Every structure is written in C-alpha cells, then in structure tokens.
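Student: What follows is data-v1.cif, made up of mmCIF, C-alpha atoms and all ligand atoms:
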data_coords
loop_
_atom_site.label_atom_id
_atom_site.label_comp_id
_atom_site.auth_asym_id
_atom_site.auth_seq_id
_atom_site.Cartn_x
_atom_site.Cartn_y
_atom_site.Cartn_z
CA MET A 1 -45.26 -1.53 -12.91
CA ASN A 2 -47.52 -3.45 -15.17
CA PHE A 3 -46.24 -1.83 -18.35
CA LEU A 4 -42.88 -3.50 -17.74
CA ALA A 5 -44.48 -6.90 -18.09
CA PHE A 6 -45.09 -6.24 -21.76
CA ARG A 7 -41.65 -4.91 -22.59
CA CYS A 8 -38.22 -6.50 -22.68
CA ILE A 9 -36.53 -5.76 -19.36
CA LEU A 10 -33.24 -5.02 -21.13
CA CYS A 11 -33.98 -3.26 -24.43
CA HIS A 12 -37.57 -2.17 -23.62
CA GLN A 13 -38.83 -3.40 -26.94
CA ILE A 14 -42.50 -4.37 -26.88
CA LEU A 15 -42.91 -8.11 -26.46
CA SER A 16 -45.32 -10.33 -28.30
CA ILE A 17 -45.57 -12.84 -25.45
CA GLN A 18 -46.91 -11.37 -22.24
CA ASN A 19 -44.75 -11.68 -19.12
CA ALA A 20 -41.84 -13.38 -20.87
CA GLY A 21 -39.76 -10.41 -19.77
CA LEU A 22 -36.95 -10.84 -22.25
CA CYS A 23 -37.02 -10.54 -26.03
CA SER A 24 -35.35 -13.36 -27.92
CA LYS A 25 -32.50 -11.09 -29.05
CA CYS A 26 -31.59 -10.13 -25.45
CA SER A 27 -32.11 -13.70 -24.27
CA ARG A 28 -29.44 -14.83 -26.72
CA THR A 29 -26.90 -12.46 -25.11
CA ILE A 30 -26.97 -14.53 -21.89
CA GLU A 31 -23.70 -16.46 -21.64
CA ARG A 32 -24.89 -20.03 -21.80
CA TYR A 33 -22.16 -22.63 -21.96
CA THR A 34 -21.58 -26.35 -22.24
CA TYR A 35 -21.12 -27.72 -18.73
CA CYS A 36 -20.54 -30.87 -16.75
CA GLY A 37 -23.95 -32.29 -15.82
CA CYS A 38 -22.80 -32.86 -12.25
CA CYS A 39 -20.69 -29.92 -11.08
CA GLY A 40 -21.45 -27.30 -13.71
CA MET A 41 -17.82 -26.70 -14.71
CA PRO A 42 -17.33 -25.73 -18.37
CA THR A 43 -16.59 -28.73 -20.58
CA SER A 44 -15.96 -29.11 -24.30
CA ASN A 45 -19.01 -31.31 -24.74
CA TYR A 46 -21.93 -32.59 -22.69
CA VAL A 47 -20.68 -35.02 -20.06
CA LEU A 48 -22.41 -36.49 -17.02
CA HIS A 49 -19.23 -36.17 -14.92
CA CYS A 50 -15.94 -34.39 -15.48
CA GLY A 51 -12.53 -35.17 -13.99
CA CYS A 52 -13.17 -32.59 -11.30
CA CYS A 53 -16.28 -34.16 -9.80
CA LEU A 54 -15.07 -37.72 -10.36
CA ASN A 55 -12.22 -36.79 -8.05
CA SER A 56 -14.35 -35.31 -5.33
CA ARG A 57 -17.94 -36.25 -5.83
CA PRO A 58 -20.53 -33.82 -4.45
CA TYR A 59 -23.51 -35.18 -2.51
CA TRP A 60 -25.86 -34.11 -5.30
CA ASP A 61 -26.18 -35.93 -8.62
CA GLN A 62 -26.93 -33.31 -11.22
CA MET A 63 -26.73 -29.58 -11.74
CA VAL A 64 -28.74 -27.29 -14.00
CA VAL A 65 -27.90 -23.61 -14.51
CA ILE A 66 -29.09 -20.94 -16.92
CA GLY A 67 -25.58 -19.69 -17.70
CA ARG A 68 -22.52 -17.94 -16.37
CA TYR A 69 -22.81 -15.19 -13.80
CA THR A 70 -21.91 -12.47 -16.31
CA PRO A 71 -23.98 -9.58 -17.74
CA PRO A 72 -26.79 -9.48 -18.64
CA LEU A 73 -27.76 -12.46 -16.43
CA SER A 74 -25.79 -11.19 -13.42
CA GLU A 75 -27.44 -7.76 -13.75
CA ILE A 76 -30.93 -9.26 -13.88
CA ILE A 77 -30.17 -11.36 -10.77
CA LYS A 78 -28.74 -8.37 -8.89
CA ASN A 79 -31.79 -6.27 -9.72
CA PHE A 80 -34.01 -9.08 -8.55
CA LYS A 81 -32.12 -9.55 -5.30
CA PHE A 82 -31.09 -6.11 -4.29
CA GLN A 83 -33.24 -3.59 -6.13
CA HIS A 84 -36.54 -5.09 -5.01
CA GLN A 85 -37.46 -5.80 -8.60
CA PHE A 86 -39.43 -8.81 -7.52
CA TRP A 87 -41.37 -9.01 -10.79
CA LEU A 88 -38.19 -10.42 -12.36
CA ASP A 89 -38.96 -13.72 -10.61
CA LYS A 90 -41.06 -14.92 -13.53
CA THR A 91 -38.45 -13.97 -16.12
CA LEU A 92 -35.69 -15.78 -14.22
CA ALA A 93 -37.88 -18.79 -13.46
CA ARG A 94 -38.77 -19.09 -17.14
CA LEU A 95 -35.08 -19.02 -18.13
CA LEU A 96 -34.39 -21.71 -15.55
CA LEU A 97 -37.30 -23.79 -16.85
CA LEU A 98 -35.77 -23.64 -20.35
CA ALA A 99 -32.41 -24.74 -18.88
CA VAL A 100 -34.14 -27.69 -17.18
CA ILE A 101 -35.75 -28.70 -20.47
CA ASP A 102 -32.32 -28.47 -22.18
CA ALA A 103 -30.75 -30.59 -19.42
CA LYS A 104 -33.35 -33.29 -19.98
CA ARG A 105 -31.97 -33.67 -23.48
CA GLN A 106 -28.29 -33.01 -22.83
CA HIS A 107 -27.74 -34.53 -19.40
CA PHE A 108 -30.70 -36.91 -19.26
CA ILE A 109 -32.08 -35.43 -16.07
CA ARG A 110 -35.52 -36.52 -14.97
CA ILE A 111 -38.05 -34.09 -13.60
CA PRO A 112 -37.89 -34.55 -9.79
CA GLU A 113 -40.87 -35.28 -7.56
CA ILE A 114 -40.51 -31.97 -5.68
CA VAL A 115 -38.58 -28.70 -5.68
CA ILE A 116 -37.09 -27.28 -2.48
CA PRO A 117 -35.88 -23.66 -2.32
CA VAL A 118 -32.60 -23.10 -0.48
CA PRO A 119 -33.23 -20.68 2.42
CA LEU A 120 -31.71 -17.24 2.45
CA HIS A 121 -27.96 -17.12 2.73
CA HIS A 122 -26.07 -14.65 0.61
CA PHE A 123 -29.22 -12.56 0.55
CA ARG A 124 -28.29 -10.71 3.69
CA GLN A 125 -29.08 -7.40 2.08
CA TRP A 126 -32.67 -8.37 1.59
CA LYS A 127 -35.11 -7.92 4.39
CA ARG A 128 -35.53 -10.94 6.58
CA GLY A 129 -38.14 -13.53 5.85
CA TYR A 130 -38.18 -12.96 2.14
CA ASN A 131 -36.66 -15.65 -0.02
CA GLN A 132 -36.10 -15.12 -3.71
CA SER A 133 -35.32 -18.78 -4.32
CA HIS A 134 -38.78 -19.53 -3.00
CA LEU A 135 -40.39 -17.25 -5.59
CA ILE A 136 -38.45 -18.96 -8.39
CA ALA A 137 -39.17 -22.45 -7.04
CA LYS A 138 -42.90 -21.76 -6.78
CA HIS A 139 -43.14 -20.83 -10.47
CA LEU A 140 -41.16 -23.90 -11.53
CA ALA A 141 -43.30 -26.18 -9.39
CA LYS A 142 -46.46 -24.77 -10.93
CA TRP A 143 -45.22 -25.13 -14.52
CA LEU A 144 -43.82 -28.62 -13.92
CA ASN A 145 -46.91 -29.63 -11.96
CA ILE A 146 -44.97 -30.82 -8.91
CA PRO A 147 -45.07 -29.60 -5.28
CA CYS A 148 -42.75 -26.96 -3.84
CA HIS A 149 -41.76 -27.62 -0.23
CA SER A 150 -40.02 -24.92 1.73
CA GLN A 151 -40.52 -26.38 5.20
CA PHE A 152 -37.78 -29.04 5.04
CA ILE A 153 -34.94 -26.65 5.66
CA GLN A 154 -34.95 -23.71 8.00
CA ARG A 155 -32.33 -21.09 8.34
CA ILE A 156 -31.54 -20.59 11.99
CA LYS A 157 -28.79 -18.00 11.91
CA ARG A 158 -26.96 -15.66 9.66
CA THR A 159 -23.75 -17.18 8.47
CA PRO A 160 -20.67 -15.04 8.95
CA PRO A 161 -18.86 -14.59 5.64
CA GLN A 162 -17.16 -17.81 4.55
CA LEU A 163 -14.09 -16.00 3.26
CA GLY A 164 -11.04 -16.25 5.44
CA LEU A 165 -12.20 -19.40 7.23
CA ASN A 166 -10.40 -22.68 6.79
CA ALA A 167 -12.25 -25.72 5.49
CA LYS A 168 -13.10 -27.06 8.92
CA ALA A 169 -14.39 -23.74 10.21
CA ARG A 170 -16.38 -23.29 7.01
CA LYS A 171 -18.10 -26.62 7.51
CA GLN A 172 -18.84 -25.82 11.12
CA ASN A 173 -20.18 -22.47 10.05
CA LEU A 174 -22.60 -24.11 7.63
CA ARG A 175 -23.64 -26.94 9.90
CA GLN A 176 -24.97 -24.52 12.46
CA ALA A 177 -26.71 -22.39 9.86
CA PHE A 178 -29.48 -24.79 8.92
CA LYS A 179 -32.02 -26.80 10.77
CA PHE A 180 -33.62 -29.70 8.99
CA ALA A 181 -37.23 -29.88 10.01
CA ASN A 182 -37.99 -33.45 8.98
CA GLN A 183 -36.03 -36.56 9.71
CA ARG A 184 -38.02 -38.39 7.08
CA ILE A 185 -38.79 -37.60 3.50
CA ASN A 186 -41.18 -39.50 1.29
CA TYR A 187 -39.67 -38.43 -2.02
CA ARG A 188 -37.01 -40.24 -3.98
CA SER A 189 -36.01 -37.36 -6.23
CA ILE A 190 -35.68 -33.67 -5.39
CA ALA A 191 -34.33 -30.46 -6.89
CA LEU A 192 -32.80 -27.82 -4.63
CA VAL A 193 -33.35 -24.35 -6.10
CA ASP A 194 -30.63 -21.75 -5.48
CA ASP A 195 -29.63 -18.45 -7.05
CA VAL A 196 -25.91 -18.10 -7.80
CA ILE A 197 -23.80 -21.23 -7.34
CA THR A 198 -20.15 -20.52 -6.62
CA THR A 199 -18.36 -23.13 -4.51
CA GLY A 200 -21.51 -25.17 -3.91
CA SER A 201 -20.49 -25.77 -0.27
CA THR A 202 -23.87 -24.70 1.12
CA LEU A 203 -25.69 -26.88 -1.39
CA ASN A 204 -23.41 -29.78 -0.62
CA GLU A 205 -24.19 -29.54 3.08
CA ILE A 206 -27.91 -29.59 2.34
CA ALA A 207 -27.58 -32.37 -0.26
CA LYS A 208 -25.66 -34.48 2.28
CA HIS A 209 -28.61 -34.28 4.65
CA PHE A 210 -31.08 -35.47 2.01
CA ARG A 211 -28.68 -38.19 0.86
CA GLN A 212 -28.54 -39.47 4.42
CA LEU A 213 -32.34 -39.55 4.49
CA GLY A 214 -32.21 -41.84 1.47
CA VAL A 215 -33.14 -39.52 -1.40
CA GLU A 216 -31.91 -41.29 -4.53
CA ASN A 217 -31.68 -38.45 -7.01
CA ILE A 218 -30.66 -34.98 -5.87
CA GLN A 219 -30.49 -32.17 -8.40
CA VAL A 220 -29.41 -28.60 -7.84
CA TRP A 221 -30.93 -25.90 -10.02
CA GLY A 222 -29.25 -22.51 -10.02
CA LEU A 223 -29.87 -19.23 -11.79
CA ALA A 224 -26.18 -18.85 -12.61
CA ARG A 225 -22.77 -20.43 -12.11
CA ALA A 226 -19.94 -18.21 -10.92
CA PHE A 227 -16.30 -19.27 -11.03
CA HIS A 228 -13.30 -18.18 -9.05
CA THR A 229 -10.82 -16.51 -11.33
ZN ZN B 301 -34.60 -7.13 -25.48
ZN ZN B 302 -17.98 -32.10 -13.07
#
Rewrite the structure from the file as structure tokens, please.
Tutor:
Amino acid sequence: MNFLAFRCILCHQILSIQNAGLCSKCSRTIERYTYCGCCGMPTSNYVLHCGCCLNSRPYWDQMVVIGRYTPPLSEIIKNFKFQHQFWLDKTLARLLLLAVIDAKRQHFIRIPEIVIPVPLHHFRQWKRGYNQSHLIAKHLAKWLNIPCHSQFIQRIKRTPPQLGLNAKARKQNLRQAFKFANQRINYRSIALVDDVITTGSTLNEIAKHFRQLGVENIQVWGLARAFHT
C-alpha cells in the first residue's frame, strides 16, 4: 500500500511531496466555493452570516468545509468511509487544514484550543468502534499543535434514519443518541470535526450542549457540505 503514498490518488501521477496524496492539478478539480462563514451556504462573497443563519442561528459560531460534496471530493470521502481506504485520512485532513487556513483569512476564524471528533453516526456501514472523524481530527490536532479530545461525547445508540421523522421526533432521536461524558469543560474555544455536513442537526445538538457548558467559540469543521436539491 505504500506505493500509493507517493502517487496522486486520482490520476496516479508521481508526487513530489510525500504523502500529500493529491497532485495540485487534481486538487484544483475539487469544487470549492464561497460560503457563509457560519452555516456554509453558498454566498456571492465572504460573509460572517447570511440571511439564512441570521434568521435561525445555529448553536455553533463558525463553519469550515473543504468544498461541496461532489466528485472528486465525494468519491475520496466514500472510499475513505466505505472502502476501508483508511490511508486517505491524511489526504483529507490536509485538505481540511488548508480550508482552515483559508478561513482564518476569509472568515477571521481563530484556531481553537481543542478539536473534538463527532462520534460515528452516518457511518453505520463501517465496523463499530472505528471513527473516521477521529483519524482526521488527530492529524489536525498534531499539525495545529492542540489537543484532540474524543472522550467528551459518546455515542450510545445507533440512530434510526432521520428521514421521514418530523422535527420533534428527529430531535428526540438525536437527544438519545449521544451521552456527554463531562458536565464541565475547561476550554473556551473548540472545533467539532465531522465528515459530510448536510442539515447540521446532529452538530447543532452537540454544539448546544457545549454552549450550555459555557464554551464561547464553537466551530464546526467538515470534509464537505452537501445540499438538498
Ligand atoms: Zn492527480
Ligand atoms: Zn449563513
């Protein structure tokens, strides 16, 4: 498997930088877009809030994503999640790191004190106990020189699919899915690391908990943003 580390995962061209995973040409084909710094919706220029999230404010403050959930990014994520291509963690984490650096400039985010991976949810196809978000979060923590804490949130049950449930049932469904290990947190700024962000309802439930514990700045970092069409 090692030979893959030196070649572009998409075009198989030999790479000059070891372990980067993607050549610059393929990296440019990822659908990056200008988004609202809070909810991640597409906007015409960089804004900290759009009309959407001013109307119904999420419990988190800022969002960072690599790009839209379209090929090739969606294919890389699917291979990582479902094809056991776990070596893609470094490639994806590096893309997310670059997105975080961009967001520092465009949305004035500050590097948080810790990163927290979101426990398994839509990863039901993956064997239990293995969390891809954790792999990504660990790389980011190392590169940013901050701790990665996975013990704050525990997943206590599999969530039945959210589709077809009304808003109240959906909330109930989520509330019972997580157990928050600590009732205290000594950090003022955190980043929750997730994979694909669609409605953000899971993240919002988790962010609400940390908000109630008094965390001042809550960021959500996702590999991709998917939209309902
Ligand atoms: Zn390539
Ligand atoms: Zn917004």
Student: Between atom CA of A:Pro72 and atom CA of A:Thr29, what is the distance, to one decimal in Å?
Tutor: 7.1 Å
Student: Kindly compile the residues surrounding ligand ZN 302 (chain B) within 6 Å, counting all atoms listed in the file, and format them as a VMD selection string.
Tutor: chain A and resid 36 38 to 41 49 to 50 52 to 53
Student: Export C-alpha atoms of the chosen residues as a compact mmCIF listing (two decimals), in the coordinates of the input?
Tutor:
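To be explicit, this is the file written out as selection.txt:
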# COMPACT_ATOMS: atom_id res chain seq x y z
CA CYS A 36 -20.54 -30.87 -16.75
CA CYS A 38 -22.80 -32.86 -12.25
CA CYS A 39 -20.69 -29.92 -11.08
CA GLY A 40 -21.45 -27.30 -13.71
CA MET A 41 -17.82 -26.70 -14.71
CA HIS A 49 -19.23 -36.17 -14.92
CA CYS A 50 -15.94 -34.39 -15.48
CA CYS A 52 -13.17 -32.59 -11.30
CA CYS A 53 -16.28 -34.16 -9.80
Student: Which residues form the shell of 9 Å around ligand ZN 301 (chain B) when you count only C-alpha atoms and all ligand atoms, given as a PyMOL selection string?
Tutor: chain A and resi 7-15+21-27
Student: Show which residues sit within 8 Å of stretch 139-149 of chain A, as a ChimeraX atom specification. Count only C-alpha atoms, and ignore same-chain residues fewer than 4 positions away.
Tutor: /A:90,93-94,97,111,113-117,135
Student: Place a sphere of radius 7 Å on (-25.7, -21.7, -17.0) in the file coordinates and name every protein, DNA or RNA residue with an atom inside or on its surface, counting all atoms listed in the file; give the answer as a PyMOL selection string.
Tutor: chain A and resi 32-33+65-68+224-225
Student: Please, could you write that set of residues out with C-alpha atoms as a short mmCIF file (atom, residue, chain, number, x, y, z; two decimals), keeping the file's coordinate frame?
Tutor:
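As a result, out-v2.cif now contains:
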data_model
loop_
_atom_site.label_atom_id
_atom_site.label_comp_id
_atom_site.auth_asym_id
_atom_site.auth_seq_id
_atom_site.Cartn_x
_atom_site.Cartn_y
_atom_site.Cartn_z
CA ARG A 32 -24.89 -20.03 -21.80
CA TYR A 33 -22.16 -22.63 -21.96
CA VAL A 65 -27.90 -23.61 -14.51
CA ILE A 66 -29.09 -20.94 -16.92
CA GLY A 67 -25.58 -19.69 -17.70
CA ARG A 68 -22.52 -17.94 -16.37
CA ALA A 224 -26.18 -18.85 -12.61
CA ARG A 225 -22.77 -20.43 -12.11
#
Student: For A:Gln151, which of A:Ala181, A:Ile30, A:Ile109, A:Ala137 is the closest residue, counting all atoms listed in the file?
Tutor: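 Checking each candidate against A:Gln151, we get A:Ala181 as the closest.
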Student: Between A:Gln183, A:Asn55, A:Gln154, A:Ser44, which one has atoms that come closest to A:Arg211, using only C-alpha atoms?
Tutor: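 Of A:Gln183, A:Asn55, A:Gln154, A:Ser44, the one nearest A:Arg211, counting only C-alpha atoms, is A:Gln183.
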